[in-house]
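Enquirer: Input upload.cif, format and content: mmCIF, C-alpha atoms.
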```cif
data_work
#
loop_
_atom_site.group_PDB
_atom_site.id
_atom_site.type_symbol
_atom_site.label_atom_id
_atom_site.label_comp_id
_atom_site.auth_asym_id
_atom_site.auth_seq_id
_atom_site.Cartn_x
_atom_site.Cartn_y
_atom_site.Cartn_z
ATOM 1 C CA MET A 604 -15.134 -8.230 14.516
ATOM 2 C CA ARG A 605 -15.451 -4.938 16.294
ATOM 3 C CA VAL A 606 -12.233 -2.908 16.314
ATOM 4 C CA VAL A 607 -11.851 -0.607 19.317
ATOM 5 C CA PHE A 608 -9.400 2.249 18.901
ATOM 6 C CA TYR A 609 -8.079 5.022 21.079
ATOM 7 C CA LEU A 610 -8.044 8.522 19.594
ATOM 8 C CA LEU A 611 -5.085 10.619 20.570
ATOM 9 C CA GLN A 612 -4.404 14.320 20.244
ATOM 10 C CA LEU A 613 -2.850 15.042 16.841
ATOM 11 C CA MET A 614 -0.234 17.299 18.381
ATOM 12 C CA LEU A 615 1.168 14.728 20.854
ATOM 13 C CA TYR A 616 3.342 11.610 20.889
ATOM 14 C CA ALA A 617 6.450 11.289 18.787
ATOM 15 C CA VAL A 618 6.934 8.354 16.398
ATOM 16 C CA PRO A 619 8.990 7.466 13.305
ATOM 17 C CA ALA A 620 7.560 8.124 9.834
ATOM 18 C CA GLY A 621 4.917 5.778 8.441
ATOM 19 C CA LEU A 622 2.975 3.217 10.392
ATOM 20 C CA MET A 623 4.597 2.382 13.707
ATOM 21 C CA LEU A 624 3.868 -0.652 15.831
ATOM 22 C CA LEU A 625 4.266 0.190 19.479
ATOM 23 C CA ALA A 626 5.939 -2.900 20.864
ATOM 24 C CA PRO A 627 8.913 -2.934 23.250
ATOM 25 C CA VAL A 628 11.562 -5.465 22.329
ATOM 26 C CA GLN A 629 11.758 -8.387 24.757
ATOM 27 C CA ALA A 630 14.388 -11.095 25.103
ATOM 28 C CA GLN A 631 12.649 -13.498 22.767
ATOM 29 C CA TRP A 632 11.148 -10.966 20.405
ATOM 30 C CA GLN A 633 13.227 -11.095 17.251
ATOM 31 C CA ARG A 634 13.299 -7.807 15.362
ATOM 32 C CA GLU A 635 14.979 -6.533 12.214
ATOM 33 C CA ALA A 636 14.715 -3.528 9.883
ATOM 34 C CA PHE A 637 15.650 -3.671 6.208
ATOM 35 C CA ASP A 638 15.230 -1.699 2.999
ATOM 36 C CA THR A 639 13.071 -3.195 0.254
ATOM 37 C CA LEU A 640 10.653 -2.191 -2.510
ATOM 38 C CA GLY A 641 11.775 1.417 -2.235
ATOM 39 C CA THR A 642 10.828 1.693 1.445
ATOM 40 C CA ARG A 643 11.808 0.651 4.968
ATOM 41 C CA ALA A 644 10.476 -2.647 6.308
ATOM 42 C CA TYR A 645 10.289 -3.953 9.877
ATOM 43 C CA ILE A 646 9.793 -7.494 11.126
ATOM 44 C CA GLU A 647 9.139 -8.599 14.698
ATOM 45 C CA PHE A 648 8.109 -12.029 15.936
ATOM 46 C CA TRP A 649 8.304 -14.312 18.951
ATOM 47 C CA SER A 650 10.700 -17.223 18.699
ATOM 48 C CA GLU A 651 12.548 -19.264 21.244
ATOM 49 C CA ASP A 652 15.013 -20.550 18.643
ATOM 50 C CA LYS A 653 17.389 -17.713 17.843
ATOM 51 C CA ALA A 654 19.179 -19.559 15.036
ATOM 52 C CA LYS A 655 15.871 -20.416 13.337
ATOM 53 C CA ALA A 656 14.704 -16.830 13.838
ATOM 54 C CA GLY A 657 17.758 -15.462 12.056
ATOM 55 C CA GLN A 658 17.111 -17.714 9.079
ATOM 56 C CA LEU A 659 13.432 -16.719 8.982
ATOM 57 C CA ILE A 660 14.379 -13.049 8.814
ATOM 58 C CA LEU A 661 16.645 -13.816 5.853
ATOM 59 C CA ASP A 662 13.858 -15.842 4.220
ATOM 60 C CA VAL A 663 11.395 -12.937 4.526
ATOM 61 C CA GLN A 664 13.944 -10.520 3.083
ATOM 62 C CA ALA A 665 14.542 -12.918 0.195
ATOM 63 C CA GLU A 666 10.794 -13.154 -0.452
ATOM 64 C CA PHE A 667 10.534 -9.369 -0.662
ATOM 65 C CA GLU A 668 13.436 -9.269 -3.109
ATOM 66 C CA ARG A 669 11.895 -12.038 -5.218
ATOM 67 C CA ILE A 670 8.710 -9.979 -5.536
ATOM 68 C CA ASN A 671 10.753 -6.869 -6.289
ATOM 69 C CA GLN A 672 12.453 -8.697 -9.173
ATOM 70 C CA LEU A 673 9.035 -9.593 -10.594
ATOM 71 C CA MET A 674 7.183 -6.337 -10.110
ATOM 72 C CA SER A 675 9.599 -3.404 -10.070
ATOM 73 C CA PRO A 676 9.298 -0.859 -12.904
ATOM 74 C CA TYR A 677 12.967 -0.018 -12.326
ATOM 75 C CA ILE A 678 14.300 -3.500 -13.130
ATOM 76 C CA ASP A 679 14.497 -4.119 -16.881
ATOM 77 C CA SER A 680 14.118 -7.881 -16.496
ATOM 78 C CA SER A 681 10.980 -7.725 -14.312
ATOM 79 C CA GLU A 682 7.721 -9.069 -15.657
ATOM 80 C CA LEU A 683 6.208 -5.625 -15.225
ATOM 81 C CA SER A 684 8.917 -4.009 -17.364
ATOM 82 C CA LEU A 685 8.491 -6.736 -19.964
ATOM 83 C CA LEU A 686 4.772 -5.982 -20.193
ATOM 84 C CA ASN A 687 5.346 -2.247 -20.493
ATOM 85 C CA ARG A 688 7.826 -2.821 -23.328
ATOM 86 C CA SER A 689 6.012 -5.479 -25.299
ATOM 87 C CA ALA A 690 2.368 -6.105 -24.368
ATOM 88 C CA ALA A 691 1.000 -3.458 -26.755
ATOM 89 C CA LYS A 692 2.702 -5.267 -29.653
ATOM 90 C CA ALA A 693 1.712 -8.858 -28.872
ATOM 91 C CA PRO A 694 0.445 -10.937 -25.923
ATOM 92 C CA VAL A 695 3.090 -11.558 -23.258
ATOM 93 C CA THR A 696 3.141 -14.653 -21.048
ATOM 94 C CA VAL A 697 3.736 -13.952 -17.352
ATOM 95 C CA GLY A 698 3.872 -16.195 -14.301
ATOM 96 C CA SER A 699 0.659 -17.247 -12.595
ATOM 97 C CA GLU A 700 1.518 -15.197 -9.491
ATOM 98 C CA PHE A 701 1.863 -11.972 -11.472
ATOM 99 C CA TYR A 702 -1.233 -12.786 -13.528
ATOM 100 C CA GLN A 703 -3.333 -13.338 -10.404
ATOM 101 C CA LEU A 704 -2.204 -10.024 -8.920
ATOM 102 C CA LEU A 705 -3.269 -8.300 -12.151
ATOM 103 C CA GLN A 706 -6.652 -10.003 -11.758
ATOM 104 C CA GLN A 707 -6.985 -8.636 -8.219
ATOM 105 C CA ALA A 708 -6.019 -5.156 -9.392
ATOM 106 C CA LYS A 709 -8.647 -5.234 -12.133
ATOM 107 C CA GLN A 710 -11.303 -6.444 -9.684
ATOM 108 C CA ILE A 711 -10.672 -3.449 -7.428
ATOM 109 C CA SER A 712 -10.680 -1.176 -10.475
ATOM 110 C CA ALA A 713 -14.104 -2.478 -11.463
ATOM 111 C CA LEU A 714 -15.368 -2.235 -7.869
ATOM 112 C CA SER A 715 -14.265 1.401 -7.633
ATOM 113 C CA ASN A 716 -15.294 2.432 -11.154
ATOM 114 C CA GLY A 717 -11.668 3.100 -12.037
ATOM 115 C CA ALA A 718 -10.579 5.032 -8.926
ATOM 116 C CA PHE A 719 -7.942 2.318 -8.543
ATOM 117 C CA ASP A 720 -6.158 1.893 -11.859
ATOM 118 C CA ILE A 721 -2.641 0.525 -12.327
ATOM 119 C CA THR A 722 -2.472 2.184 -15.773
ATOM 120 C CA PHE A 723 -2.121 5.504 -13.932
ATOM 121 C CA ALA A 724 1.569 4.940 -14.670
ATOM 122 C CA SER A 725 0.911 6.097 -18.238
ATOM 123 C CA VAL A 726 0.835 9.561 -16.660
ATOM 124 C CA GLY A 727 2.691 8.749 -13.461
ATOM 125 C CA PHE A 728 6.040 8.101 -15.121
ATOM 126 C CA TYR A 729 6.217 11.806 -16.004
ATOM 127 C CA TYR A 730 6.391 12.633 -12.285
ATOM 128 C CA ASP A 731 9.676 12.654 -10.373
ATOM 129 C CA TYR A 732 9.029 13.865 -6.846
ATOM 130 C CA ARG A 733 12.668 14.053 -5.816
ATOM 131 C CA ALA A 734 13.489 16.122 -8.883
ATOM 132 C CA ARG A 735 10.279 18.181 -8.447
ATOM 133 C CA LYS A 736 9.209 17.206 -11.938
ATOM 134 C CA LYS A 737 5.645 16.938 -13.287
ATOM 135 C CA PRO A 738 4.114 16.590 -16.763
ATOM 136 C CA ASP A 739 3.425 19.754 -18.703
ATOM 137 C CA ALA A 740 -0.045 20.420 -20.127
ATOM 138 C CA THR A 741 0.704 18.709 -23.447
ATOM 139 C CA GLN A 742 2.214 15.603 -21.844
ATOM 140 C CA LEU A 743 -0.707 15.362 -19.430
ATOM 141 C CA ARG A 744 -3.297 15.632 -22.202
ATOM 142 C CA GLN A 745 -1.585 13.016 -24.352
ATOM 143 C CA ALA A 746 -0.881 10.554 -21.522
ATOM 144 C CA ARG A 747 -4.350 10.673 -19.957
ATOM 145 C CA GLN A 748 -5.854 8.898 -22.968
ATOM 146 C CA TYR A 749 -3.862 5.789 -22.033
ATOM 147 C CA VAL A 750 -5.137 5.598 -18.447
ATOM 148 C CA ASN A 751 -7.844 2.945 -18.548
ATOM 149 C CA TYR A 752 -7.655 -0.352 -16.676
ATOM 150 C CA GLN A 753 -9.825 -1.954 -19.350
ATOM 151 C CA SER A 754 -6.859 -1.602 -21.718
ATOM 152 C CA ILE A 755 -5.230 -4.495 -19.829
ATOM 153 C CA GLU A 756 -6.506 -7.676 -21.461
ATOM 154 C CA LEU A 757 -6.041 -10.817 -19.362
ATOM 155 C CA LEU A 758 -6.036 -13.681 -21.837
ATOM 156 C CA PRO A 759 -6.002 -17.470 -21.267
ATOM 157 C CA ASP A 760 -2.768 -19.242 -20.317
ATOM 158 C CA ASN A 761 -1.429 -16.292 -18.286
ATOM 159 C CA LYS A 762 -1.094 -14.070 -21.343
ATOM 160 C CA VAL A 763 -1.470 -10.307 -21.064
ATOM 161 C CA ARG A 764 -2.007 -7.767 -23.826
ATOM 162 C CA TYR A 765 -2.393 -3.988 -23.831
ATOM 163 C CA SER A 766 -5.125 -2.877 -26.215
ATOM 164 C CA GLN A 767 -3.260 0.268 -27.281
ATOM 165 C CA PRO A 768 0.321 1.552 -27.379
ATOM 166 C CA GLY A 769 1.243 4.102 -24.745
ATOM 167 C CA VAL A 770 -0.229 2.111 -21.846
ATOM 168 C CA LYS A 771 2.048 1.590 -18.857
ATOM 169 C CA ILE A 772 1.290 -0.073 -15.526
ATOM 170 C CA ASP A 773 2.722 0.227 -12.036
ATOM 171 C CA LEU A 774 1.860 -1.992 -9.065
ATOM 172 C CA GLY A 775 2.954 0.531 -6.433
ATOM 173 C CA GLY A 776 -0.566 0.626 -5.016
ATOM 174 C CA ILE A 777 -0.761 -3.113 -4.340
ATOM 175 C CA ALA A 778 2.680 -4.793 -4.514
ATOM 176 C CA LYS A 779 3.945 -3.834 -1.036
ATOM 177 C CA GLY A 780 0.777 -5.127 0.550
ATOM 178 C CA TYR A 781 1.139 -8.346 -1.400
ATOM 179 C CA ALA A 782 4.774 -8.721 -0.278
ATOM 180 C CA VAL A 783 3.786 -8.178 3.359
ATOM 181 C CA GLU A 784 1.042 -10.798 3.061
ATOM 182 C CA ARG A 785 3.497 -13.274 1.526
ATOM 183 C CA GLY A 786 6.065 -12.596 4.251
ATOM 184 C CA ILE A 787 3.569 -13.246 7.032
ATOM 185 C CA ALA A 788 2.413 -16.431 5.295
ATOM 186 C CA LEU A 789 6.020 -17.629 5.265
ATOM 187 C CA LEU A 790 6.341 -17.038 9.013
ATOM 188 C CA ALA A 791 3.041 -18.822 9.713
ATOM 189 C CA GLN A 792 4.130 -21.816 7.646
ATOM 190 C CA GLN A 793 7.205 -22.120 9.882
ATOM 191 C CA GLY A 794 5.128 -22.213 13.070
ATOM 192 C CA ILE A 795 5.374 -18.568 14.127
ATOM 193 C CA LYS A 796 2.208 -17.520 15.959
ATOM 194 C CA HIS A 797 2.930 -13.932 17.040
ATOM 195 C CA ALA A 798 4.386 -11.511 14.514
ATOM 196 C CA GLN A 799 4.124 -8.184 12.789
ATOM 197 C CA LEU A 800 5.565 -7.212 9.423
ATOM 198 C CA THR A 801 5.533 -3.680 8.028
ATOM 199 C CA ALA A 802 6.657 -2.191 4.715
ATOM 200 C CA GLY A 803 6.035 1.521 4.293
ATOM 201 C CA GLY A 804 2.397 2.119 5.158
ATOM 202 C CA ASP A 805 1.358 -1.556 5.037
ATOM 203 C CA SER A 806 1.337 -3.852 8.067
ATOM 204 C CA ARG A 807 0.164 -7.393 8.774
ATOM 205 C CA LEU A 808 -0.269 -8.812 12.266
ATOM 206 C CA LEU A 809 -0.089 -12.526 12.990
ATOM 207 C CA GLY A 810 -1.884 -13.447 16.195
ATOM 208 C CA ASP A 811 -1.663 -11.080 19.142
ATOM 209 C CA LYS A 812 1.310 -9.802 21.136
ATOM 210 C CA ARG A 813 1.265 -12.763 23.507
ATOM 211 C CA GLY A 814 -1.886 -11.933 25.436
ATOM 212 C CA LYS A 815 -2.463 -8.331 24.406
ATOM 213 C CA PRO A 816 -3.170 -6.610 21.093
ATOM 214 C CA TRP A 817 -0.578 -5.053 18.870
ATOM 215 C CA LEU A 818 -0.850 -1.258 18.981
ATOM 216 C CA VAL A 819 -0.601 0.198 15.495
ATOM 217 C CA ALA A 820 -0.064 3.944 15.212
ATOM 218 C CA ILE A 821 -1.398 6.067 12.350
ATOM 219 C CA LYS A 822 1.085 8.729 11.354
ATOM 220 C CA HIS A 823 0.179 12.385 11.680
ATOM 221 C CA PRO A 824 -0.152 13.579 8.060
ATOM 222 C CA ARG A 825 1.526 16.931 8.649
ATOM 223 C CA GLN A 826 4.038 16.331 11.454
ATOM 224 C CA ASP A 827 6.698 13.698 10.869
ATOM 225 C CA ASP A 828 7.399 13.025 14.533
ATOM 226 C CA LYS A 829 3.787 12.601 15.676
ATOM 227 C CA TYR A 830 0.852 10.302 15.147
ATOM 228 C CA ALA A 831 -2.901 10.766 14.974
ATOM 229 C CA ALA A 832 -4.319 7.612 16.580
ATOM 230 C CA GLN A 833 -3.468 4.090 17.625
ATOM 231 C CA LEU A 834 -5.380 0.904 16.880
ATOM 232 C CA PRO A 835 -5.263 -2.223 19.050
ATOM 233 C CA LEU A 836 -5.342 -5.092 16.538
ATOM 234 C CA GLN A 837 -4.593 -8.777 16.150
ATOM 235 C CA ASP A 838 -4.665 -11.145 13.182
ATOM 236 C CA SER A 839 -5.326 -8.173 10.942
ATOM 237 C CA ALA A 840 -3.942 -6.138 8.072
ATOM 238 C CA VAL A 841 -3.737 -2.351 8.095
ATOM 239 C CA SER A 842 -2.618 0.058 5.368
ATOM 240 C CA THR A 843 -2.309 3.831 5.240
ATOM 241 C CA SER A 844 -2.056 6.009 2.127
ATOM 242 C CA GLY A 845 -1.228 9.690 2.531
ATOM 243 C CA ASP A 846 -0.246 12.732 0.531
ATOM 244 C CA TYR A 847 2.944 13.080 2.604
ATOM 245 C CA GLU A 848 4.770 9.946 1.408
ATOM 246 C CA ARG A 849 6.274 11.225 -1.874
ATOM 247 C CA TYR A 850 5.562 14.822 -2.828
ATOM 248 C CA PHE A 851 6.818 18.297 -3.586
ATOM 249 C CA ILE A 852 5.153 21.689 -3.283
ATOM 250 C CA GLU A 853 5.233 24.228 -6.100
ATOM 251 C CA ASP A 854 3.371 27.544 -6.151
ATOM 252 C CA GLY A 855 1.418 26.416 -3.102
ATOM 253 C CA VAL A 856 0.235 23.175 -4.756
ATOM 254 C CA ARG A 857 1.143 19.782 -3.282
ATOM 255 C CA TYR A 858 2.054 17.281 -6.008
ATOM 256 C CA HIS A 859 2.045 13.802 -4.474
ATOM 257 C CA HIS A 860 2.181 10.221 -5.691
ATOM 258 C CA ILE A 861 -1.504 9.274 -5.330
ATOM 259 C CA ILE A 862 -2.697 10.073 -8.840
ATOM 260 C CA ASP A 863 -6.380 10.378 -9.677
ATOM 261 C CA PRO A 864 -6.692 8.210 -12.815
ATOM 262 C CA LYS A 865 -9.485 10.414 -14.181
ATOM 263 C CA THR A 866 -7.424 13.626 -14.099
ATOM 264 C CA GLY A 867 -3.811 12.470 -14.164
ATOM 265 C CA VAL A 868 -2.956 14.790 -11.270
ATOM 266 C CA SER A 869 -2.676 14.289 -7.513
ATOM 267 C CA ALA A 870 -5.938 13.491 -5.728
ATOM 268 C CA THR A 871 -7.180 16.189 -3.346
ATOM 269 C CA GLY A 872 -9.571 16.474 -0.419
ATOM 270 C CA LEU A 873 -7.945 14.072 2.044
ATOM 271 C CA LEU A 874 -4.632 13.917 3.885
ATOM 272 C CA SER A 875 -4.634 10.185 4.608
ATOM 273 C CA VAL A 876 -6.763 7.044 4.618
ATOM 274 C CA THR A 877 -6.190 3.967 6.772
ATOM 275 C CA VAL A 878 -7.899 0.655 5.974
ATOM 276 C CA THR A 879 -8.109 -2.414 8.207
ATOM 277 C CA GLY A 880 -9.147 -5.911 7.162
ATOM 278 C CA ALA A 881 -8.008 -9.487 6.689
ATOM 279 C CA ASP A 882 -5.590 -9.202 3.767
ATOM 280 C CA THR A 883 -2.768 -6.693 3.246
ATOM 281 C CA THR A 884 -2.943 -6.942 -0.545
ATOM 282 C CA LYS A 885 -6.508 -5.667 -0.378
ATOM 283 C CA THR A 886 -5.983 -3.062 2.370
ATOM 284 C CA ASP A 887 -3.067 -1.646 0.372
ATOM 285 C CA ALA A 888 -5.156 -1.240 -2.782
ATOM 286 C CA LEU A 889 -8.215 -0.001 -0.889
ATOM 287 C CA SER A 890 -6.362 2.728 1.009
ATOM 288 C CA THR A 891 -5.224 4.172 -2.330
ATOM 289 C CA THR A 892 -8.703 3.731 -3.806
ATOM 290 C CA LEU A 893 -10.492 5.518 -0.969
ATOM 291 C CA PHE A 894 -7.996 8.372 -1.029
ATOM 292 C CA VAL A 895 -8.770 8.952 -4.720
ATOM 293 C CA LEU A 896 -12.528 8.674 -4.190
ATOM 294 C CA GLY A 897 -12.571 11.198 -1.365
ATOM 295 C CA LEU A 898 -14.512 11.144 1.881
ATOM 296 C CA GLN A 899 -18.107 10.744 0.693
ATOM 297 C CA GLN A 900 -17.616 8.240 -2.112
ATOM 298 C CA GLY A 901 -14.851 6.472 -0.215
ATOM 299 C CA MET A 902 -17.059 5.998 2.821
ATOM 300 C CA GLU A 903 -19.882 4.688 0.642
ATOM 301 C CA LEU A 904 -17.539 2.118 -0.922
ATOM 302 C CA ILE A 905 -15.932 0.845 2.289
ATOM 303 C CA GLU A 906 -19.354 0.375 3.884
ATOM 304 C CA ARG A 907 -20.170 -2.104 1.097
ATOM 305 C CA ILE A 908 -17.086 -4.272 1.695
ATOM 306 C CA ASP A 909 -17.605 -6.809 4.461
ATOM 307 C CA GLY A 910 -14.806 -7.141 6.992
ATOM 308 C CA TYR A 911 -13.000 -3.943 6.006
ATOM 309 C CA ASP A 912 -13.081 -0.532 7.700
ATOM 310 C CA ALA A 913 -11.464 2.828 7.190
ATOM 311 C CA ILE A 914 -10.304 5.979 8.949
ATOM 312 C CA PHE A 915 -10.211 9.149 6.849
ATOM 313 C CA ILE A 916 -8.321 12.326 7.776
ATOM 314 C CA ASP A 917 -9.687 15.261 5.799
ATOM 315 C CA ALA A 918 -8.026 18.509 4.755
ATOM 316 C CA ASN A 919 -9.058 20.114 8.057
ATOM 317 C CA ARG A 920 -7.384 17.249 9.972
ATOM 318 C CA ASN A 921 -10.724 15.893 11.137
ATOM 319 C CA MET A 922 -11.030 12.115 11.456
ATOM 320 C CA HIS A 923 -13.948 10.123 10.044
ATOM 321 C CA PHE A 924 -14.637 6.439 10.770
ATOM 322 C CA SER A 925 -16.568 3.751 8.955
ATOM 323 C CA SER A 926 -19.373 2.140 10.927
ATOM 324 C CA GLY A 927 -17.411 -0.975 11.913
ATOM 325 C CA LEU A 928 -15.097 1.205 14.020
ATOM 326 C CA THR A 929 -17.849 3.062 15.865
ATOM 327 C CA GLN A 930 -20.345 0.349 16.795
#
```
Rewrite the structure from the file as C-alpha cells, please.
Expert:
Amino acid sequence: MRVVFYLLQLMLYAVPAGLMLLAPVQAQWQREAFDTLGTRAYIEFWSEDKAKAGQLILDVQAEFERINQLMSPYIDSSELSLLNRSAAKAPVTVGSEFYQLLQQAKQISALSNGAFDITFASVGFYYDYRARKKPDATQLRQARQYVNYQSIELLPDNKVRYSQPGVKIDLGGIAKGYAVERGIALLAQQGIKHAQLTAGGDSRLLGDKRGKPWLVAIKHPRQDDKYAAQLPLQDSAVSTSGDYERYFIEDGVRYHHIIDPKTGVSATGLLSVTVTGADTTKTDALSTTLFVLGLQQGMELIERIDGYDAIFIDANRNMHFSSGLTQ
C-alpha cells in the first residue's frame, strides 16, 4: 500500500517528545496517558460505551504491566532476569510467549547479520545515561566478547541456554513494540475499530480516524518541541529510534542507548530512523536495526522487506525515504 506523507519544515510546529498522533479529542474519543515499560504511553479509541471504555483502558494497562513483569531487566523475578542469572549454567524453561519473542529477535539478528542483537546488554549494562556512566576501555574489551546473538540457544520445550558465561540480554529494542501490538489486539478483540496506542517511539493504529487517516508526527531529533514530518496512516504500525531518547554528551561525544553490537559503543551516522509496516513488534526491532546499519546498508535492508518502509534522518538533518514512500 502506498503511504503518502507530508514533509514539514524541521524548524516549525511544536509537539511533545516522541511520536505524537495529531488527533483532537472528541466527545466519544476515549483517551488516557499512563507510565509503563520505562516510558509514557497513550491510548485513544472510539467507543460509545463509556463504562466499557474505562475497563478497556485498565485492561490495556494491565497487559503492559504483565509484559513488564516478564521482560524487564529491573525485576528480579522476570523471565529475562532469570535467564541472565542462570542460562549460562543450565537450560532454563521459559513461557511460550517469551520463547517466541526470542525467536523473532534471533530472526531479525540473522536477517541483519547481527546489527540487531539482544546480547548487546552484555556491554549495555555498563552504561547509565542518567548517571553519565559508560564502560572504560578494559570493561568494553572484556564485555564485547559476549555480544553474539548466536550464544542464545533456543532448545526444544521452550528451554533457553547461553553458550558462555557473561552473556546478558535485553529486549528494549523489541518489547515495547510487542506490548503495543498486544494492546491493540486486545482492543480489536473487544470490538474496537478505531484506535491508536503509543508507547515511547512505537505506535499502532487500528482502522482509521473515522473517515480520515491518523496523522503521526515524527519528532525533530534535535529540538524537543518540534517535529520533522507527519504521516497519514491507518491500520499500520510505526516506530522511531533516535539518538535523543537516552543519552549524555561528554567531551563533544554523544553516548546514547542504541549500541552497535559490533563495537559496543553508540551507533553513529544517523539521528533517527522511522519504520512503518503491519506489526509493531517488527517495526520496533527494525528501527533499531536500521539505525545501527546506517543509511546505505539500512536502505538496502528495508528495500528487501516487503510491506515495510523507512525514513532516515542523517547527521546533516537530511531526510531519506525508501521506495515505498516515494512511488
Enquirer: Show me as number ranges by chain the residues that reach within 12 Å of (-3.2, -2.4, -1.2), counting only C-alpha atoms and using the file's own coordinates.
Expert: A: 704, 707-708, 711-712, 719-721, 774-784, 802-807, 840-844, 876-894
Enquirer: Using only C-alpha atoms, which of A:Met922, A:Ile861, A:Leu640, A:Ala656 sits nearest Tyr677 (chain A)?
Expert: A:Leu640
Enquirer: Separation of CA of Ser754 (chain A) and CA of Lys771 (chain A), in Å?
Expert: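 Between these atoms lies a distance of 9.9 Å.
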Enquirer: Evaluated on this file, the PyMOL selection byres ((chain A and resi 846) around 9) picks out some residues - which ones are they, written as a list in words?
Expert: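 After applying the PyMOL selection byres ((chain A and resi 846) around 9), what remains is Pro824, Ser844, Gly845, Tyr847, Glu848, Arg849, Tyr850, Arg857, Tyr858, His859, His860, Ile861, Ser869, Ala870, Thr871, Leu873, Leu874 and Ser875 of chain A.
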Enquirer: Filtering to C-alpha atoms, could you give me those residues as a tab-separated table (two decimals), in the coordinates of the input?
Expert:
```tsv
chain	number	residue	atom	x	y	z
A	824	PRO	CA	-0.15	13.58	8.06
A	844	SER	CA	-2.06	6.01	2.13
A	845	GLY	CA	-1.23	9.69	2.53
A	847	TYR	CA	2.94	13.08	2.60
A	848	GLU	CA	4.77	9.95	1.41
A	849	ARG	CA	6.27	11.22	-1.87
A	850	TYR	CA	5.56	14.82	-2.83
A	857	ARG	CA	1.14	19.78	-3.28
A	858	TYR	CA	2.05	17.28	-6.01
A	859	HIS	CA	2.04	13.80	-4.47
A	860	HIS	CA	2.18	10.22	-5.69
A	861	ILE	CA	-1.50	9.27	-5.33
A	869	SER	CA	-2.68	14.29	-7.51
A	870	ALA	CA	-5.94	13.49	-5.73
A	871	THR	CA	-7.18	16.19	-3.35
A	873	LEU	CA	-7.94	14.07	2.04
A	874	LEU	CA	-4.63	13.92	3.88
A	875	SER	CA	-4.63	10.18	4.61
```
Enquirer: What is the distance between CA of Gly641 (chain A) and CA of Asp731 (chain A), in Å to one decimal?
Expert: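 Separation between CA of Gly641 (chain A) and CA of Asp731 (chain A): 14.0 Å.
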Enquirer: State, in Å with one decimal place, the distance from CA of Ser681 (chain A) to CA of Glu700 (chain A).
Expert: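 Pair CA of Ser681 (chain A) / CA of Glu700 (chain A) returns 13.0 Å.
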Enquirer: From the list A:Asp909, A:Leu790, A:Ala746, A:Tyr702, which residue is nearest Gly657 (chain A) when using all atoms listed in the file?
Expert: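 The answer is A:Leu790, which sits nearest to Gly657 (chain A).
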Enquirer: For Ala791 (chain A), list every protein, DNA or RNA residue within 12 Å, evaluated using all atoms listed in the file, and leave out those in the same chain fewer than 6 positions away; present the list as a list in words.
Expert: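 Result of the neighbour search: Phe648, Trp649, Ser650, Leu659, Val663, Glu784, Arg785, His797, Ala798, Gln799, Leu800, Arg807, Leu808, Leu809, Gly810 and Asp838 of chain A.
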Enquirer: Just the selected residues (C-alpha atoms), exported as a PDB file, keeping the file's coordinate frame, please.
Expert:
```pdb
ATOM      1  CA  PHE A 648       8.109 -12.029  15.936  1.00  0.00           C
ATOM      2  CA  TRP A 649       8.304 -14.312  18.951  1.00  0.00           C
ATOM      3  CA  SER A 650      10.700 -17.223  18.699  1.00  0.00           C
ATOM      4  CA  LEU A 659      13.432 -16.719   8.982  1.00  0.00           C
ATOM      5  CA  VAL A 663      11.395 -12.937   4.526  1.00  0.00           C
ATOM      6  CA  GLU A 784       1.042 -10.798   3.061  1.00  0.00           C
ATOM      7  CA  ARG A 785       3.497 -13.274   1.526  1.00  0.00           C
ATOM      8  CA  HIS A 797       2.930 -13.932  17.040  1.00  0.00           C
ATOM      9  CA  ALA A 798       4.386 -11.511  14.514  1.00  0.00           C
ATOM     10  CA  GLN A 799       4.124  -8.184  12.789  1.00  0.00           C
ATOM     11  CA  LEU A 800       5.565  -7.212   9.423  1.00  0.00           C
ATOM     12  CA  ARG A 807       0.164  -7.393   8.774  1.00  0.00           C
ATOM     13  CA  LEU A 808      -0.269  -8.812  12.266  1.00  0.00           C
ATOM     14  CA  LEU A 809      -0.089 -12.526  12.990  1.00  0.00           C
ATOM     15  CA  GLY A 810      -1.884 -13.447  16.195  1.00  0.00           C
ATOM     16  CA  ASP A 838      -4.665 -11.145  13.182  1.00  0.00           C
TER      17      ASP A 838
END
```
Enquirer: Which residues match the PyMOL selection byres ((chain A and resi 687-697) around 12) in the file above, as an MDAnalysis selection string?
Expert: chainID A and resid 673:686 698:705 721:722 724:725 728 749 754:774
